[in-house]
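Trainee: start26.cif is the file, holding mmCIF, C-alpha atoms and all ligand atoms:
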```
data_data
#
loop_
_atom_site.label_atom_id
_atom_site.label_comp_id
_atom_site.auth_asym_id
_atom_site.auth_seq_id
_atom_site.Cartn_x
_atom_site.Cartn_y
_atom_site.Cartn_z
CA MET A 1 5.24 28.07 10.81
CA GLU A 2 6.66 25.83 13.49
CA ASP A 3 5.46 26.25 17.03
CA GLY A 4 7.45 25.72 20.21
CA SER A 5 6.32 22.11 20.57
CA VAL A 6 8.24 21.15 17.40
CA ASP A 7 11.38 22.82 18.81
CA LEU A 8 10.94 20.92 22.05
CA LEU A 9 10.46 17.63 20.20
CA ARG A 10 13.57 18.31 18.10
CA GLU A 11 15.61 19.15 21.20
CA THR A 12 14.37 16.09 23.10
CA ALA A 13 15.13 13.73 20.21
CA ARG A 14 18.54 15.36 19.61
CA GLU A 15 19.54 15.14 23.25
CA PHE A 16 18.43 11.51 23.48
CA ALA A 17 20.24 10.58 20.27
CA ARG A 18 23.47 12.29 21.30
CA GLY A 19 23.41 11.31 24.97
CA THR A 20 22.02 7.77 24.90
CA ILE A 21 22.43 6.36 21.40
CA ARG A 22 25.75 7.85 20.27
CA PRO A 23 27.94 6.19 22.95
CA VAL A 24 26.87 2.69 21.79
CA VAL A 25 26.49 3.21 18.03
CA MET A 26 29.72 1.52 16.96
CA HIS A 27 29.39 -1.27 19.52
CA HIS A 28 26.00 -2.29 18.08
CA ASP A 29 27.17 -1.80 14.50
CA GLU A 30 30.20 -4.03 14.90
CA ALA A 31 28.44 -6.69 16.97
CA GLN A 32 25.38 -6.35 14.70
CA THR A 33 23.09 -6.33 17.70
CA PHE A 34 19.66 -4.78 18.00
CA HIS A 35 19.45 -1.91 20.54
CA SER A 36 16.77 -3.73 22.57
CA GLU A 37 17.76 -1.83 25.71
CA ILE A 38 16.67 1.49 24.25
CA ILE A 39 13.14 0.38 23.39
CA PRO A 40 11.77 1.24 26.88
CA ARG A 41 13.59 4.59 26.74
CA LEU A 42 12.13 5.33 23.28
CA ALA A 43 8.71 4.39 24.66
CA GLU A 44 9.11 6.70 27.68
CA LEU A 45 9.76 9.56 25.27
CA GLY A 46 6.63 8.67 23.33
CA PHE A 47 8.58 7.63 20.22
CA MET A 48 7.19 4.07 20.04
CA GLY A 49 3.65 5.31 19.46
CA ALA A 50 4.69 8.52 17.80
CA MET A 51 1.75 9.08 15.43
CA VAL A 52 -0.88 6.99 17.22
CA PRO A 53 -3.77 8.97 18.75
CA GLU A 54 -3.52 9.42 22.51
CA GLN A 55 -6.65 7.34 23.19
CA TYR A 56 -4.71 4.21 22.16
CA GLY A 57 -1.62 5.10 24.19
CA GLY A 58 0.17 7.04 21.47
CA THR A 59 1.73 10.49 21.36
CA GLY A 60 -0.43 11.86 18.55
CA LEU A 61 2.37 13.52 16.58
CA SER A 62 1.69 14.66 13.03
CA LEU A 63 3.66 13.06 10.19
CA TYR A 64 5.67 16.28 9.90
CA GLU A 65 6.58 16.07 13.60
CA PHE A 66 7.56 12.43 13.06
CA THR A 67 9.96 13.51 10.29
CA VAL A 68 11.58 15.96 12.72
CA LEU A 69 12.04 13.18 15.28
CA ILE A 70 13.41 10.67 12.74
CA GLU A 71 15.86 13.21 11.31
CA GLU A 72 17.37 13.78 14.77
CA ILE A 73 17.68 10.07 15.57
CA ALA A 74 19.12 9.21 12.13
CA ALA A 75 21.68 12.01 12.32
CA VAL A 76 23.27 9.91 15.07
CA ASP A 77 22.24 6.34 14.18
CA PRO A 78 20.25 5.56 11.03
CA SER A 79 19.68 1.99 12.27
CA VAL A 80 17.59 3.20 15.20
CA GLY A 81 15.80 5.48 12.74
CA LEU A 82 14.99 2.42 10.61
CA THR A 83 13.71 0.48 13.63
CA LEU A 84 11.39 3.38 14.46
CA CYS A 85 10.27 3.86 10.84
CA ALA A 86 9.27 0.21 10.41
CA HIS A 87 7.54 0.12 13.80
CA ASN A 88 5.73 3.47 13.58
CA GLY A 89 5.42 4.17 9.88
CA LEU A 90 4.59 0.67 8.66
CA CYS A 91 3.19 -1.59 11.41
CA LEU A 92 1.46 1.02 13.58
CA GLY A 93 0.70 3.14 10.53
CA HIS A 94 -1.21 0.23 8.97
CA ILE A 95 -3.13 -0.59 12.17
CA THR A 96 -3.96 3.05 12.97
CA ARG A 97 -5.17 3.77 9.46
CA PHE A 98 -7.10 0.62 8.63
CA ALA A 99 -7.75 -1.61 11.65
CA SER A 100 -11.07 -1.85 13.48
CA GLU A 101 -11.68 -0.12 16.81
CA ASP A 102 -11.34 -3.48 18.60
CA GLN A 103 -8.07 -4.29 16.84
CA LYS A 104 -6.67 -0.85 17.70
CA ARG A 105 -7.65 -1.25 21.37
CA THR A 106 -6.14 -4.74 21.47
CA PHE A 107 -2.79 -4.06 19.79
CA LEU A 108 -1.86 -0.39 19.89
CA PRO A 109 -1.38 0.17 23.65
CA ASP A 110 1.34 -2.53 23.92
CA LEU A 111 3.02 -1.36 20.72
CA CYS A 112 3.03 2.26 21.93
CA SER A 113 4.39 1.37 25.35
CA GLY A 114 7.24 -0.66 23.83
CA ARG A 115 6.00 -3.90 25.46
CA THR A 116 5.81 -5.17 21.90
CA VAL A 117 7.76 -4.13 18.79
CA GLY A 118 6.03 -4.14 15.41
CA GLY A 119 7.02 -5.35 11.94
CA TRP A 120 5.37 -5.26 8.54
CA GLY A 121 5.67 -7.97 5.90
CA LEU A 122 5.13 -7.33 2.20
CA THR A 123 8.37 -8.47 0.53
CA GLU A 124 9.00 -12.15 -0.17
CA PRO A 125 11.99 -14.09 -1.46
CA GLY A 126 10.42 -14.13 -4.95
CA SER A 127 8.63 -10.77 -4.96
CA GLY A 128 10.11 -7.40 -4.03
CA SER A 129 9.46 -4.55 -6.47
CA ASP A 130 6.64 -6.64 -7.96
CA ALA A 131 4.99 -7.00 -4.56
CA SER A 132 1.61 -8.15 -5.85
CA ALA A 133 3.27 -11.31 -7.19
CA MET A 134 3.51 -12.58 -3.61
CA ALA A 135 3.10 -16.31 -2.96
CA THR A 136 2.06 -16.26 0.72
CA THR A 137 -1.54 -17.39 1.08
CA ALA A 138 -4.20 -17.14 3.77
CA THR A 139 -7.05 -19.60 3.38
CA ARG A 140 -10.29 -19.61 5.31
CA ASP A 141 -10.92 -22.55 7.65
CA GLY A 142 -14.09 -21.97 9.67
CA SER A 143 -13.38 -19.10 12.06
CA TRP A 144 -9.65 -19.11 11.25
CA TRP A 145 -7.33 -17.98 8.52
CA VAL A 146 -4.45 -20.36 7.78
CA LEU A 147 -1.26 -18.64 6.66
CA ASN A 148 1.44 -20.33 4.56
CA GLY A 149 4.52 -18.81 2.92
CA SER A 150 7.39 -16.52 3.86
CA LYS A 151 8.39 -12.87 4.03
CA ALA A 152 11.94 -11.67 3.37
CA PHE A 153 13.96 -8.77 4.79
CA ILE A 154 11.48 -7.92 7.54
CA THR A 155 12.69 -5.06 9.74
CA ASN A 156 12.20 -5.97 13.43
CA GLY A 157 11.70 -9.54 12.17
CA SER A 158 13.48 -11.20 15.13
CA ALA A 159 12.79 -8.58 17.77
CA GLY A 160 9.16 -7.95 16.86
CA SER A 161 6.12 -9.62 18.37
CA THR A 162 3.26 -8.07 16.40
CA PHE A 163 3.28 -8.12 12.62
CA VAL A 164 1.07 -6.89 9.82
CA ILE A 165 1.35 -9.48 7.08
CA MET A 166 0.03 -9.27 3.53
CA ALA A 167 -1.17 -12.54 1.95
CA VAL A 168 -3.21 -13.74 -1.04
CA THR A 169 -6.72 -14.75 0.01
CA GLY A 170 -8.10 -15.58 -3.44
CA ARG A 171 -8.19 -14.55 -7.10
CA THR A 172 -10.60 -12.47 -9.15
CA ASP A 173 -10.22 -12.80 -12.95
CA GLY A 174 -6.79 -14.33 -12.33
CA ARG A 175 -5.60 -11.34 -10.27
CA PRO A 176 -4.62 -11.94 -6.65
CA ARG A 177 -6.82 -10.59 -3.89
CA ILE A 178 -4.38 -9.52 -1.21
CA SER A 179 -5.45 -9.06 2.39
CA ALA A 180 -3.68 -7.79 5.50
CA PHE A 181 -3.60 -9.57 8.86
CA ILE A 182 -2.34 -8.85 12.35
CA VAL A 183 -0.20 -11.83 13.35
CA ASP A 184 1.29 -12.57 16.78
CA GLY A 185 4.93 -13.59 16.57
CA ASP A 186 4.41 -16.48 19.00
CA THR A 187 1.68 -18.22 16.99
CA PRO A 188 2.56 -21.91 16.38
CA GLY A 189 4.04 -22.42 12.89
CA PHE A 190 5.47 -18.86 12.76
CA THR A 191 9.28 -19.04 12.66
CA ARG A 192 11.93 -16.40 12.18
CA GLY A 193 15.17 -16.90 10.30
CA LYS A 194 18.46 -15.67 11.68
CA SER A 195 19.06 -11.92 11.64
CA GLU A 196 20.53 -11.05 8.24
CA ASN A 197 24.23 -10.13 8.07
CA LYS A 198 24.22 -6.71 6.41
CA LEU A 199 26.44 -4.08 4.77
CA GLY A 200 24.86 -1.28 6.81
CA MET A 201 21.96 -0.57 9.15
CA ARG A 202 23.52 -3.42 11.08
CA SER A 203 21.85 -2.79 14.42
CA SER A 204 18.45 -2.67 12.78
CA ASP A 205 17.14 -6.21 12.96
CA THR A 206 16.25 -7.79 9.58
CA ALA A 207 14.95 -11.36 9.33
CA MET A 208 13.01 -13.80 7.17
CA LEU A 209 9.62 -14.88 8.52
CA THR A 210 8.13 -18.26 7.65
CA PHE A 211 4.53 -19.37 8.13
CA GLU A 212 3.58 -23.06 8.15
CA ASN A 213 -0.12 -23.53 8.73
CA VAL A 214 -0.21 -20.54 11.05
CA ARG A 215 -3.78 -20.30 12.36
CA ILE A 216 -4.95 -16.72 12.80
CA PRO A 217 -8.30 -15.86 14.42
CA PHE A 218 -10.73 -14.60 11.82
CA ASP A 219 -10.97 -11.16 13.41
CA ARG A 220 -7.29 -10.43 12.71
CA LEU A 221 -8.11 -9.53 9.10
CA ILE A 222 -7.57 -5.76 8.69
CA GLY A 223 -10.45 -4.08 6.86
CA ALA A 224 -12.13 -5.97 4.06
CA GLU A 225 -10.81 -9.12 2.41
CA GLY A 226 -8.99 -8.10 -0.79
CA ASP A 227 -8.16 -4.56 0.42
CA GLY A 228 -4.68 -5.41 1.73
CA PHE A 229 -2.69 -4.34 -1.32
CA SER A 230 -4.26 -0.90 -1.61
CA GLN A 231 -3.88 -0.49 2.16
CA ALA A 232 -0.20 -1.44 1.86
CA MET A 233 0.40 1.10 -0.94
CA GLU A 234 -1.19 3.84 1.16
CA VAL A 235 0.89 2.82 4.18
CA LEU A 236 4.00 2.97 1.99
CA ASP A 237 3.16 6.57 0.99
CA GLY A 238 3.57 7.53 4.65
CA GLY A 239 6.47 5.11 5.16
CA ARG A 240 8.41 6.68 2.31
CA ILE A 241 8.08 10.13 3.88
CA GLY A 242 9.60 8.62 7.04
CA ILE A 243 12.46 7.08 5.02
CA ALA A 244 13.05 10.46 3.36
CA ALA A 245 13.41 12.00 6.85
CA LEU A 246 15.79 9.20 7.80
CA ALA A 247 17.84 9.99 4.69
CA ILE A 248 17.96 13.69 5.61
CA GLY A 249 19.15 12.82 9.12
CA LEU A 250 21.85 10.52 7.77
CA ALA A 251 22.99 13.14 5.27
CA ARG A 252 23.03 15.78 8.00
CA GLY A 253 25.11 13.56 10.27
CA ALA A 254 27.67 13.04 7.49
CA PHE A 255 27.57 16.74 6.58
CA GLU A 256 28.07 17.98 10.16
CA ALA A 257 31.02 15.61 10.66
CA SER A 258 32.52 16.96 7.41
CA VAL A 259 32.11 20.59 8.44
CA ARG A 260 33.88 19.89 11.75
CA TYR A 261 36.64 18.00 9.98
CA VAL A 262 37.41 20.56 7.26
CA LYS A 263 37.77 23.31 9.86
CA GLU A 264 40.32 21.25 11.82
CA ARG A 265 42.30 19.34 9.19
CA GLN A 266 45.24 21.26 7.77
CA GLN A 267 46.89 20.55 4.42
CA PHE A 268 49.26 22.80 2.47
CA GLY A 269 49.49 24.95 5.60
CA ARG A 270 45.81 25.83 5.83
CA PRO A 271 42.52 24.24 6.82
CA LEU A 272 40.72 22.12 4.19
CA ALA A 273 37.81 24.55 4.65
CA SER A 274 39.80 27.24 2.87
CA LEU A 275 40.14 25.17 -0.34
CA GLN A 276 37.58 25.98 -3.00
CA ALA A 277 37.21 22.34 -4.08
CA ILE A 278 36.18 21.45 -0.52
CA GLN A 279 33.94 24.52 -0.14
CA TRP A 280 32.00 23.48 -3.25
CA LYS A 281 31.42 20.01 -1.88
CA ILE A 282 30.18 21.50 1.40
CA ALA A 283 27.91 23.92 -0.48
CA ASP A 284 26.40 21.10 -2.56
CA MET A 285 25.87 18.94 0.51
CA ALA A 286 24.10 21.76 2.39
CA THR A 287 21.90 22.58 -0.60
CA GLY A 288 20.92 18.95 -1.21
CA ILE A 289 19.92 18.48 2.42
CA SER A 290 17.81 21.65 2.46
CA ALA A 291 16.07 20.68 -0.80
CA ALA A 292 15.38 17.16 0.47
CA ARG A 293 13.94 18.58 3.70
CA LEU A 294 11.60 20.89 1.77
CA LEU A 295 10.34 18.05 -0.44
CA THR A 296 9.79 15.86 2.61
CA ARG A 297 7.99 18.54 4.57
CA ASN A 298 5.83 19.28 1.52
CA ALA A 299 4.87 15.60 1.26
CA ALA A 300 4.07 15.40 5.00
CA GLU A 301 1.84 18.47 4.71
CA ILE A 302 0.02 17.08 1.65
CA ARG A 303 -0.67 13.88 3.59
CA ALA A 304 -1.87 15.89 6.61
CA ARG A 305 -4.37 17.71 4.37
CA GLY A 306 -5.72 14.31 3.31
CA GLU A 307 -4.75 14.90 -0.33
CA HIS A 308 -3.27 12.31 -2.68
CA VAL A 309 0.38 12.07 -1.67
CA THR A 310 1.86 9.19 -3.69
CA LEU A 311 3.73 11.45 -6.15
CA ALA A 312 5.08 13.81 -3.48
CA ALA A 313 6.08 10.90 -1.21
CA SER A 314 7.96 9.13 -4.01
CA GLN A 315 9.70 12.36 -5.03
CA ALA A 316 10.77 13.04 -1.45
CA LYS A 317 11.98 9.47 -0.92
CA LEU A 318 13.83 9.31 -4.24
CA PHE A 319 15.54 12.65 -3.86
CA ALA A 320 16.37 12.39 -0.15
CA SER A 321 17.76 8.85 -0.40
CA GLU A 322 19.96 9.73 -3.36
CA ILE A 323 21.14 12.90 -1.57
CA ALA A 324 21.99 10.75 1.46
CA CYS A 325 24.13 8.40 -0.65
CA ARG A 326 25.88 11.30 -2.39
CA THR A 327 26.44 13.24 0.82
CA ALA A 328 27.83 10.22 2.65
CA GLU A 329 30.18 9.46 -0.24
CA GLU A 330 31.45 13.05 -0.36
CA ALA A 331 31.85 13.01 3.41
CA VAL A 332 34.18 10.00 3.15
CA GLN A 333 36.07 11.73 0.33
CA ILE A 334 36.47 14.90 2.37
CA HIS A 335 37.89 12.89 5.27
CA GLY A 336 40.46 11.27 2.96
CA GLY A 337 42.01 8.11 4.47
CA TYR A 338 40.42 8.86 7.84
CA GLY A 339 37.01 8.57 6.21
CA PHE A 340 37.82 4.96 5.52
CA LEU A 341 38.40 4.21 9.20
CA LYS A 342 35.75 3.16 11.70
CA ASP A 343 37.11 5.82 14.08
CA PHE A 344 35.16 8.47 12.14
CA PRO A 345 31.35 8.39 11.84
CA VAL A 346 31.25 8.95 8.07
CA GLU A 347 32.39 5.38 7.35
CA LYS A 348 29.17 4.06 8.91
CA PHE A 349 26.95 6.69 7.30
CA TYR A 350 28.38 5.62 3.93
CA ARG A 351 27.45 1.96 4.52
CA ASP A 352 24.05 2.75 6.04
CA ALA A 353 23.04 5.11 3.23
CA LYS A 354 22.75 2.40 0.57
CA LEU A 355 19.68 0.84 2.14
CA LEU A 356 17.75 4.07 1.58
CA THR A 357 17.66 3.72 -2.22
CA ILE A 358 16.41 0.12 -1.83
CA GLY A 359 14.01 -0.23 1.14
CA GLU A 360 10.32 0.76 0.82
CA GLY A 361 10.71 0.76 -2.95
CA THR A 362 13.96 1.16 -4.88
CA SER A 363 14.91 4.37 -6.68
CA GLU A 364 13.86 2.67 -9.93
CA VAL A 365 10.41 1.96 -8.47
CA GLN A 366 10.10 5.58 -7.24
CA ARG A 367 10.96 6.80 -10.76
CA MET A 368 8.34 4.44 -12.22
CA ILE A 369 5.71 5.86 -9.84
CA ILE A 370 6.72 9.47 -10.57
CA ALA A 371 6.74 8.92 -14.34
CA LYS A 372 3.33 7.23 -14.20
CA HIS A 373 1.86 10.25 -12.40
CA VAL A 374 3.55 12.80 -14.61
CA LEU A 375 2.79 11.12 -17.93
CA ARG A 376 -0.82 10.11 -17.41
C1 LIG B 1 17.54 -3.79 5.39
C2 LIG B 1 16.22 -4.02 4.67
C3 LIG B 1 15.03 -3.84 5.38
C4 LIG B 1 13.82 -4.09 4.75
N1 LIG B 1 12.65 -4.02 5.50
C5 LIG B 1 11.48 -4.45 4.94
C6 LIG B 1 10.30 -4.58 5.74
O1 LIG B 1 10.29 -4.25 6.95
N2 LIG B 1 9.17 -5.05 5.16
C7 LIG B 1 9.12 -5.42 3.85
O2 LIG B 1 8.07 -5.85 3.39
N3 LIG B 1 10.25 -5.32 3.05
C8 LIG B 1 11.41 -4.86 3.58
N4 LIG B 1 12.55 -4.77 2.80
C9 LIG B 1 12.48 -5.20 1.42
C10 LIG B 1 12.64 -4.06 0.41
O3 LIG B 1 11.49 -3.28 0.40
C11 LIG B 1 12.96 -4.73 -0.94
O4 LIG B 1 14.28 -5.23 -0.85
C12 LIG B 1 12.84 -3.76 -2.10
O5 LIG B 1 11.49 -3.41 -2.30
C13 LIG B 1 13.40 -4.35 -3.40
O6 LIG B 1 12.93 -5.63 -3.65
P1 LIG B 1 13.98 -6.80 -4.00
O7 LIG B 1 15.06 -6.77 -2.98
O8 LIG B 1 13.23 -8.06 -4.17
O9 LIG B 1 14.63 -6.36 -5.37
P2 LIG B 1 14.04 -6.65 -6.87
O10 LIG B 1 12.60 -6.26 -6.92
O11 LIG B 1 14.40 -8.03 -7.28
O12 LIG B 1 14.88 -5.61 -7.70
C14 LIG B 1 16.23 -5.82 -8.10
C15 LIG B 1 16.65 -4.63 -8.95
O13 LIG B 1 15.84 -4.56 -10.13
C16 LIG B 1 15.22 -3.29 -10.21
N5 LIG B 1 13.87 -3.44 -10.79
C17 LIG B 1 12.91 -4.32 -10.42
N6 LIG B 1 11.81 -4.14 -11.18
C18 LIG B 1 12.08 -3.11 -12.03
C19 LIG B 1 11.35 -2.45 -13.07
N7 LIG B 1 10.09 -2.81 -13.38
N8 LIG B 1 11.97 -1.45 -13.76
C20 LIG B 1 13.24 -1.07 -13.44
N9 LIG B 1 13.98 -1.67 -12.49
C21 LIG B 1 13.41 -2.66 -11.78
C22 LIG B 1 15.14 -2.80 -8.78
O14 LIG B 1 14.98 -1.39 -8.70
C23 LIG B 1 16.47 -3.28 -8.24
O15 LIG B 1 17.48 -2.39 -8.63
C24 LIG B 1 13.78 -4.46 3.39
C25 LIG B 1 14.97 -4.59 2.68
C26 LIG B 1 16.18 -4.38 3.30
C27 LIG B 1 17.45 -4.58 2.52
#
```
How does the structure come out when it is put into structure tokens?
Ligand SMILES: Cc1cc2nc3c(=O)[nH]c(=O)nc-3n(C[C@H](O)[C@H](O)[C@H](O)COP(=O)(O)OP(=O)(O)OC[C@H]3O[C@@H](n4cnc5c(N)ncnc54)[C@H](O)[C@@H]3O)c2cc1C
Mentor:
Amino acid sequence: MEDGSVDLLRETAREFARGTIRPVVMHHDEAQTFHSEIIPRLAELGFMGAMVPEQYGGTGLSLYEFTVLIEEIAAVDPSVGLTLCAHNGLCLGHITRFASEDQKRTFLPDLCSGRTVGGWGLTEPGSGSDASAMATTATRDGSWWVLNGSKAFITNGSAGSTFVIMAVTGRTDGRPRISAFIVDGDTPGFTRGKSENKLGMRSSDTAMLTFENVRIPFDRLIGAEGDGFSQAMEVLDGGRIGIAALAIGLARGAFEASVRYVKERQQFGRPLASLQAIQWKIADMATGISAARLLTRNAAEIRARGEHVTLAASQAKLFASEIACRTAEEAVQIHGGYGFLKDFPVEKFYRDAKLLTIGEGTSEVQRMIIAKHVLR
């Protein structure tokens, strides 16, 4: 059962998305600029420290409440949803779950207040789906770790100032020991590439990060040396539930625009909504969105109970992201030629949707995870 606080959160996020984000969505998409001006507003609403406990400056939302918030934001602009997912679900999620008390007290208050934006670096130019094949290393030098290598496609890569970075710190029986570090973006030797020029999610900032002898204080290691990969996989379980919510929001945005359009647009002397072929598309879209929402809520509740959530998170992410792509495509189809124009929101939803079957593990990787769980 939902209580009134979830309704209030949904209303607040919806009003903010419609009132503040919607007017500038296409401007930022076309200019491919990061919505830096909304970060303080997101922070005021408590969305920059959404799931962080209040003692560190956060809002203390549950993962389910976070999915409600992300759905509302993504129904208007999936790019802002992606910014929030990387910041909250990945960077802050990693620190909140695994960092020491001192690390939490040092980094979380600024991240929650929006004074700093967070990023999370696992992917590299040579290792994406096969993330453990990473080449970035961190070697011990007295009371420092020295980081060398690069990370590709990092969300909030240019705009961010605090990053959780995974790097190889040694080998055991030939297998890499991967560790996670908190890295300040202004550390000497840390450079960011230009913001990537993208098909969609264009106002979400994506950049390459390069580390050349970046010296990190020893106490920036998160947890134990060698635990970084298992930490990252657990963080991704939560992250994927966030991406599933983003996908639901995107699909809902495309669906709602389609419902409005088919009631207004007349062909053959009657509204499109009266044609059975269109009604069936609308019915399939509505059903897909509801099913994706149930899978996502189920995964969030499993995680909240502290149970193993990898299977449910992958199922939610796989299904919701594919529903988002299908729904956005049908929405363009329903709009006919107007769906191809930037004057209608479905054109952007269609471009943004594709990232969802790729980021935080492709659909193929989700199927591999699901099959592994089902067949073992
Ligand atoms: C906009 C954007 C934002 C991102 N943000 C972040 C971020 O903040 N942090 C971060 O660390 N990463 C981020 N990523 C990276 C993202 O997670 C990777 O792109 C993704 O995991 C896929 O890796 P890859 O691009 O190297 O593709 P590859 O791993 O090279 O895959 C290419 C294709 O091969 C398929 N494939 C690979 N292996 C298998 C297999 N064993 N079986 C079947 N098919 C397979 C894949 O599914 C895919 O279709 C982002 C990416 C994008 C585009």
Trainee: Anything within 10 Å of (-2.7, -4.5, 9.9): list those residues as a ChimeraX atom specification, counting only C-alpha atoms and sticking to the file's coordinates.
Mentor: /A:90-100,103-104,107,119-121,162-166,179-183,220-223,228,231-232,235
Trainee: Residues within 12 Å of Glu15 (chain A), please, as a list of chain:residue names. Count only C-alpha atoms; anything in the same chain fewer than 4 positions from it doesn't count.
Mentor: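 So the residues in contact are A:Leu8, A:Leu9, A:Arg10, A:Glu11, A:Gly19, A:Thr20, A:Ile21, A:Arg22, A:Leu45, A:Leu69, A:Glu72, A:Ile73, A:Ala75, A:Val76.
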Trainee: Between A:Ser113, A:Thr33, A:Asn213, A:Thr357, which is the closest to Ala159 (chain A) once you count all atoms listed in the file?
Mentor: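 Among A:Ser113, A:Thr33, A:Asn213, A:Thr357, it is A:Thr33 that comes nearest to Ala159 (chain A).
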Trainee: Considering all atoms listed in the file, state which residue in the set A:Leu375, A:Gly118, A:Tyr56, A:Leu147 is at the smallest distance from Asp102 (chain A).
Mentor: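 Of A:Leu375, A:Gly118, A:Tyr56, A:Leu147, the one nearest Asp102 (chain A), counting all atoms listed in the file, is A:Tyr56.
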Trainee: Please determine, counting all atoms listed in the file, which residue among A:Ile38, A:Val259, A:Cys85, A:Ala31 has the shortest atom-to-atom distance to Ser274 (chain A).
Mentor: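 Answer, going by the shortest atom-to-atom distance: A:Val259.
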Trainee: Write out as a tab-separated table the residues of chain A that have any atom within 7 Å of an atom of ligand LIG 1 (chain B), one row each with the nearest atom pair and its distance in Å to one decimal, counting all atoms listed in the file, sorted by chain and then rising number.
Mentor:
```
residue	atom	partner	partner_atom	distance
A:Ala86	CA	B:LIG1	O1	5.7
A:Gly119	CA	B:LIG1	O1	6.1
A:Trp120	CA	B:LIG1	N2	5.1
A:Gly121	CA	B:LIG1	O2	4.1
A:Leu122	CA	B:LIG1	O2	3.5
A:Thr123	CA	B:LIG1	O2	3.9
A:Pro125	CA	B:LIG1	O8	6.7
A:Gly126	CA	B:LIG1	O8	6.7
A:Ser127	CA	B:LIG1	O8	5.4
A:Gly128	CA	B:LIG1	O8	3.2
A:Ser129	CA	B:LIG1	O10	3.6
A:Asp130	CA	B:LIG1	O10	6.1
A:Ala152	CA	B:LIG1	N3	6.6
A:Phe153	CA	B:LIG1	C24	4.5
A:Ile154	CA	B:LIG1	O1	3.9
A:Thr155	CA	B:LIG1	O1	3.8
A:Asn156	CA	B:LIG1	O1	7.0
A:Met201	CA	B:LIG1	C1	6.6
A:Thr206	CA	B:LIG1	C3	5.9
A:Leu355	CA	B:LIG1	C27	5.9
A:Ile358	CA	B:LIG1	C12	5.3
A:Gly359	CA	B:LIG1	O3	4.0
A:Glu360	CA	B:LIG1	O3	4.2
A:Gly361	CA	B:LIG1	O5	4.3
A:Thr362	CA	B:LIG1	O14	4.7
A:Ser363	CA	B:LIG1	O14	6.1
A:Glu364	CA	B:LIG1	O14	4.4
A:Val365	CA	B:LIG1	O14	5.7
```
Trainee: Looking at A:Ala257, A:Val168, A:Ala313, A:Val146, which one is nearest to Tyr338 (chain A), with distances taken over all atoms listed in the file?
Mentor: A:Ala257
Trainee: Interatomic distance between CA of Gly157 (chain A) and CA of Gly185 (chain A)?
Mentor: 9.0 Å
Trainee: Could you tell me how far CA of Gln266 (chain A) lies from CA of Arg252 (chain A), in Å and to one decimal?
Mentor: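 Answer for the CA of Gln266 (chain A) to CA of Arg252 (chain A) separation: 22.9 Å.
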Trainee: Kindly indicate which residue among A:Met26, A:Ala74, A:Met285, A:Ala324 lies nearest to Tyr350 (chain A), using all atoms listed in the file for the distances.
Mentor: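 Checking each candidate against Tyr350 (chain A), we get A:Ala324 as the closest.
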Trainee: Just the residues within 9 Å of region 290-297 of chain A, please, counting all atoms listed in the file, with nothing from its chain fewer than 6 positions along; format it as a short mmCIF file (atom, residue, chain, number, x, y, z; two decimals) with C-alpha atoms, keeping the file's coordinate frame.
Mentor:
```cif
data_model
loop_
_atom_site.label_atom_id
_atom_site.label_comp_id
_atom_site.auth_asym_id
_atom_site.auth_seq_id
_atom_site.Cartn_x
_atom_site.Cartn_y
_atom_site.Cartn_z
CA LEU A 63 3.66 13.06 10.19
CA TYR A 64 5.67 16.28 9.90
CA THR A 67 9.96 13.51 10.29
CA ILE A 241 8.08 10.13 3.88
CA GLY A 242 9.60 8.62 7.04
CA ALA A 244 13.05 10.46 3.36
CA ALA A 245 13.41 12.00 6.85
CA ALA A 247 17.84 9.99 4.69
CA ILE A 248 17.96 13.69 5.61
CA ALA A 312 5.08 13.81 -3.48
CA ALA A 313 6.08 10.90 -1.21
CA GLN A 315 9.70 12.36 -5.03
CA ALA A 316 10.77 13.04 -1.45
CA LYS A 317 11.98 9.47 -0.92
CA PHE A 319 15.54 12.65 -3.86
CA ALA A 320 16.37 12.39 -0.15
CA SER A 321 17.76 8.85 -0.40
CA ILE A 323 21.14 12.90 -1.57
#
```
Trainee: Which value, in Å to one decimal, gives the distance between CA of His28 (chain A) and CA of Asp205 (chain A)?
Mentor: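 Atom-to-atom, CA of His28 (chain A) to CA of Asp205 (chain A), that is 11.0 Å.
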Trainee: Which residue gives the smallest distance to Met368 (chain A) among A:Thr310, A:His87, A:Ile334, A:Gly200, with only C-alpha atoms counted?
Mentor: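 Checking each candidate against Met368 (chain A), we get A:Thr310 as the closest.
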Trainee: Each side padded by 4 Å, which centre and which edge lengths in Å (one decimal) define the axis-aligned box around the listed atoms of region 232-238 of chain A? Give them as AutoDock Vina command-line options.
Mentor:
```
--center_x 1.4 --center_y 3.0 --center_z 1.9 --size_x 13.2 --size_y 17.0 --size_z 13.6
```
Trainee: Can you pull out every residue within 7 Å of region 169-176 of chain A, counting only C-alpha atoms, but drop anything in the same chain fewer than 4 positions away, and send it as number ranges by chain?
Mentor: A: 137-139
Trainee: Would you save the residues from that selection as a PDB file, keeping the file's coordinate frame, using C-alpha atoms?
Mentor:
```
ATOM      1  CA  THR A 137      -1.540 -17.390   1.080  1.00  0.00           C
ATOM      2  CA  ALA A 138      -4.200 -17.140   3.770  1.00  0.00           C
ATOM      3  CA  THR A 139      -7.050 -19.600   3.380  1.00  0.00           C
TER       4      THR A 139
END
```
